[in-house]
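A short write-up of the structure that comes next.
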Amino acid sequence: MNVSGADEMEKVVATPEIMLKKFDAARFLLISVSVVFLVVMLALPLFTVIFVSFRQGWHVYKNAVTDFYTLKALQLTVISTVAAVAANTFFGVFAAWLITKFSFRGKKILVTAIDIPFAISPVIAGLIFIFMFGRIGWAYPLLSKFNIDIVFAVPGIVMAVIFVTIPFVARELIPVLNSQGKDEEEAAALMGASGFTIFRRITLPNIKWALMYGVILCTARAMGEFGAVSVLSGHLRGKTNTLPLHVEILYNEYKYTESFAVSSILVLLAIVILIARNVVEHKGRKGNEA
Amino acid sequence: MKIGIRRFAMRSRKVPHVIPGFSLSMGITITFLSLMVLIPLASVVLSASELGFSGLVKAVTGRRVLAGLRISFLCALTAALINAFFGVILAWTLVRYKFPFKRLLDGLIELPFALPTAVAGISLTAIYSSKGAIGAFFERMGFKIAYTSTGIVVALVFITIPFVVRTIQPVLEKLDPQFEEAAVMLGAGRATIFFRIIFPEILPALLAGFGLAFARALGEYGSVVFIAGNAPFKTEIAPLLIMAKLQQFDYNGATAIALVMLAASFAILLAINSTLIYFGKFVKD
Amino acid sequence: MRGINKSFGNFKASNDTNLCVEKGRLVGLLGPSGSGKTTILRIIAGLEIPDSGDIMINGKRVNDMNAGSRGIGFVFQNYALFRYMSVFENVAFGLRVKKESEAAIKKRVSELMSLVGLDGFEKRFPSQLSGGQRQRVAFARAIAPNPQILLLDEPFAAIDAKVRQELRKWLRNTIGVLGITSVFVTHDQDEAVEVADEIVVINAGHVEQKGSPVDIYKHPATPFVARFIGHSDAMENAASFKGFEAARDFAEAIVRPEFVRVEKRGLLEDYVASAEEGVVEDISFRGDNMEIKVRVSRVLLTANYSLEKPGLSVGEKVSVLIRRIYVFDGDRTEILENENLRENTVFI
């Protein structure tokens, strides 16, 4: 009897048995096309970076990676990534809580507003901050009075990175919170629990995997952001250079090997992120099934 | 008694939120969004309004700008179409078939999200330039890939691979096999089943994924600048033009192009949402 | 004439099942969930492949025949209506696959729409229909290509109780009019009894009993059928009850509520020789009668009690008369009447 129960579960995901033929030309063709496409389009670029960065030997690689400006760029990348993840996790949790737990007018507009950074070009993301804080921006006189530099300085880079990653955490949390409903939170509220207690004890355990997933995506995008940062950075080596910008500078100076070597740091981080993403997704699915 | 009930009802309407934290989360969300998104965006629109309509039109109708916009749109559209085609195949293969290294390849799909675009740009350039493995091969056959619009499309395809695959995959996974079985019972062959039963089911996701890919490709900068060669009128994309105008302190020119691209982005967002609403009519139970 | 005859050795959900359906009959496969009845239906349809055994339709082996060419109509549990097609296109689908002419399709669909009473609904989409309407569209779609056999998987499971009653009658009549050989699966005995000409009780992948609804109810062939059909209570030590001495030859015994009569003490004096004494343990209201749980020595029995009769209370001592029990020993099943009653009483 159990066997038949398992059979019914299988039904939901598997191809109907009748659709599976013993040998099947279409299936063979589709798998081949998929594998070739993924290997050429995704795996090959990844290996190329590693291959080129070691082309001139370990010594050149080591020098490029441990170069003073590379380390400075790494430092700025880490700072801006941490800032973006912190700011957007904070924002994302509150925004998702607001959107899923309460009903109010203008909710749809709010949801769309959160998605804006997703839809616009990173170059435009950089540009809007120039128009606000740059020499022609309306906030410039105010800032210069207090001697604050935003454009072509670290704060501008951090703001650009925060801007482009705004949707990531919120977008991961909203569907999970929506599907969970608000019965549990309401029950807790009726028993007199405070907002913070409700969040920590009831909501957080339900969304922890989605939250981690959002944080991972946010980290990936923040660390690799190029267009917006490029507009706002001014490319001052050792000051306003992030790793991706450093890659560009080296590349434009025809230091290809060095440029690929610095890229390999980012490739390594990307692989770590991909693995983390898969682990979190796997655990999240398991958690949902239980 | 009657009055009491009525009062109670009125009061209960005044306290709409059982769960605490409404004002706090509303305050934080609105403040953050205003500071980071709405006010900066408004600044651009404000400076564009100073420019005036005729100024705007003049700035975008320059030959070089028009060429840049055309290249951006065409390349983004081509890349999104290519990914719509391969995205369906990839999603289908990954959901329906078992084959070696499937999990590894499935995990690799998100690489374009994880890999910084600049790295993707230089790596793709190395592969597709006349010195690279694939580039050399095509060059011998008379095709140049890097430093042509084909190169731009290659970079944009790379960047937007995940969108279509990842929107279709969950739909295929959840698709009730009863639909296919019902069609089989009615005598339908595999092609009929795919095009008349499965394709309509994944079409909303496909259109949404296509729209997201198109929007992303339209604005992409980092990966394209390396492989494009950036020759005016040929391989110079609109975001690069914005960049160039900013570096020449031609703020009006930059604003004008930015506004056109913003309008395009919002139109795509709107189109995606209306598509989903339209198809939503069929799925409600 | 033979409809289907098939057997499978060792299939996960069907264990050496043998089943044959006569042409023109409406057969219900009845069994608890997980008994493999749906699997049997899907094997007949060709949606699943048996590990061994033959499926014959009209004397022809169809095992290697494609599901679509077996000439079978299938109504799915959730109907599986194609939601991006209108009602018309749904019903027409099987005809279009057969490349029928547009005029023939139009004619057949409108014929079917009036048969299922949905004239004028052709342009609607499945999401705009009620559950009962969807079921009828699914039915029309299944019979559109004129199948020789119609299979229905839990056809009423997704419909609310009131509409279900109507639909059952409708389905029975329509299938009767069409005269199409039909097999449906259900876990609901009321449904099987009401709709089917013939019931096949399935358990753990094999056929327990096959027969008319009355037959199955009155003469259960196996312990499983006796327990599965109707409500039943196990009777320990049945031979110690008055009038059932013959039960000592059997390992198990069960009794059904309709064969247990409970009365206030003293009201059953005519049957002193056969009545037992019991204590009321629980009383629950069942709408048109009371359900009484009464303990006689160590055995807890269930009985129905009319609302018209004098009220009982929990803990009250009552007289209990058992008229009939079912006894089993291995695969042997028998019905025992209360011996002390046989001579002098007629029951209602």
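Quick note on naming: the chains in the structure tokens go A, B, ... in the order shown, residues restart at 1 in each chain, and ligands are numbered from 1 in order of appearance.
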Contacts of region 107-110 of chain B at 9 Å (only C-alpha atoms; same-chain gap of 4+ positions) as a list in words =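 Within the cut-off, the hits are Leu38, Leu42, Ala43, Leu274, Ile275, Arg277 and Asn278 of chain A; Lys102, Arg103, Ala114, Leu115, Ile161, Pro162, Val165 and Arg166 of chain B.
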Next, dump the selected residues to file, keeping only N, CA and C atoms, as a CSV table (one decimal), in the first residue's frame.
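Contents of the output file out-v8.csv:
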chain,number,residue,atom,x,y,z
A,38,LEU,N,25.7,24.9,-22.4
A,38,LEU,CA,26.2,25.3,-21.0
A,38,LEU,C,27.7,25.3,-20.9
A,42,LEU,N,29.0,28.9,-20.5
A,42,LEU,CA,29.3,29.2,-19.1
A,42,LEU,C,30.6,28.6,-18.5
A,43,ALA,N,30.8,27.3,-18.8
A,43,ALA,CA,32.0,26.7,-18.2
A,43,ALA,C,33.3,27.3,-18.9
A,274,LEU,N,28.3,30.4,-5.7
A,274,LEU,CA,27.4,29.4,-6.4
A,274,LEU,C,27.2,28.2,-5.5
A,275,ILE,N,28.3,27.8,-4.9
A,275,ILE,CA,28.2,26.6,-4.0
A,275,ILE,C,27.2,26.9,-2.9
A,277,ARG,N,24.9,29.1,-2.8
A,277,ARG,CA,23.6,29.2,-3.3
A,277,ARG,C,22.9,27.8,-3.4
A,278,ASN,N,23.7,26.9,-4.0
A,278,ASN,CA,23.1,25.6,-4.2
A,278,ASN,C,22.8,24.9,-2.8
B,102,LYS,N,24.3,16.4,-14.3
B,102,LYS,CA,23.1,17.3,-14.4
B,102,LYS,C,23.1,18.3,-13.3
B,103,ARG,N,23.4,17.8,-12.1
B,103,ARG,CA,23.4,18.8,-10.9
B,103,ARG,C,24.4,19.9,-11.1
B,114,ALA,N,26.6,35.4,-10.5
B,114,ALA,CA,27.6,35.4,-9.5
B,114,ALA,C,29.0,36.0,-10.0
B,115,LEU,N,29.2,35.9,-11.3
B,115,LEU,CA,30.5,36.3,-11.9
B,115,LEU,C,30.3,37.8,-12.2
B,161,ILE,N,21.4,34.4,-19.5
B,161,ILE,CA,21.0,33.0,-19.5
B,161,ILE,C,20.1,32.6,-18.4
B,162,PRO,N,20.3,33.0,-17.1
B,162,PRO,CA,19.5,32.5,-16.0
B,162,PRO,C,18.0,32.9,-16.1
B,165,VAL,N,15.6,30.4,-18.1
B,165,VAL,CA,15.6,29.0,-17.6
B,165,VAL,C,15.0,29.0,-16.2
B,166,ARG,N,15.4,29.9,-15.4
B,166,ARG,CA,14.9,29.9,-14.0
B,166,ARG,C,13.4,30.3,-13.8
Could you list, as a ChimeraX atom specification, the residues of chain B having an atom within 10 Å of chain C when counting only C-alpha atoms?
-> /B:176-189,192,196-198,200-201,279-285
Would you give me, as number ranges by chain, the residues in region 32-279 of chain C that DSSP reads as helix (DSSP H, G or I)?
-> C: 37-45, 67-69, 87-97, 102-115, 126-128, 131-143, 161-178, 189-195, 213-218, 223-228, 238-240, 245-249, 257-259, 269-271
Given the choices A:Ile130, A:Val231, A:Ala153, A:Ile162, which gets closest to Phe118 (chain A) if the distance is worked out from only C-alpha atoms?
->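 Smallest distance to Phe118 (chain A) is found for A:Ile162.
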Where in region 166-263 of chain C does DSSP assign strand (DSSP E), given as a list of chain:residue names?
->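 Result set for region 166-263 of chain C (strand (DSSP E)): C:Thr181, C:Ser182, C:Val183, C:Phe184, C:Val185, C:Thr186, C:Glu198, C:Ile199, C:Val200, C:Val201, C:Ile202, C:Asn203, C:His206, C:Val207, C:Glu208, C:Gln209, C:Lys210, C:Gly211, C:Asp233, C:Ala234, C:Glu252, C:Ala253, C:Ile254, C:Val255, C:Val260, C:Arg261, C:Val262, C:Glu263.
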For Trp138 (chain A), list every protein, DNA or RNA residue within 12 Å, evaluated using only C-alpha atoms, and leave out those in the same chain fewer than 4 positions away; present the list as a list in words.
-> Ile128, Phe129, Ile130, Phe131, Met132, Phe133, Gly134, Leu142, Leu143 and Ser144 of chain A; Ile39, Pro40, Ala42, Ser43, Val44, Leu46 and Ser47 of chain B
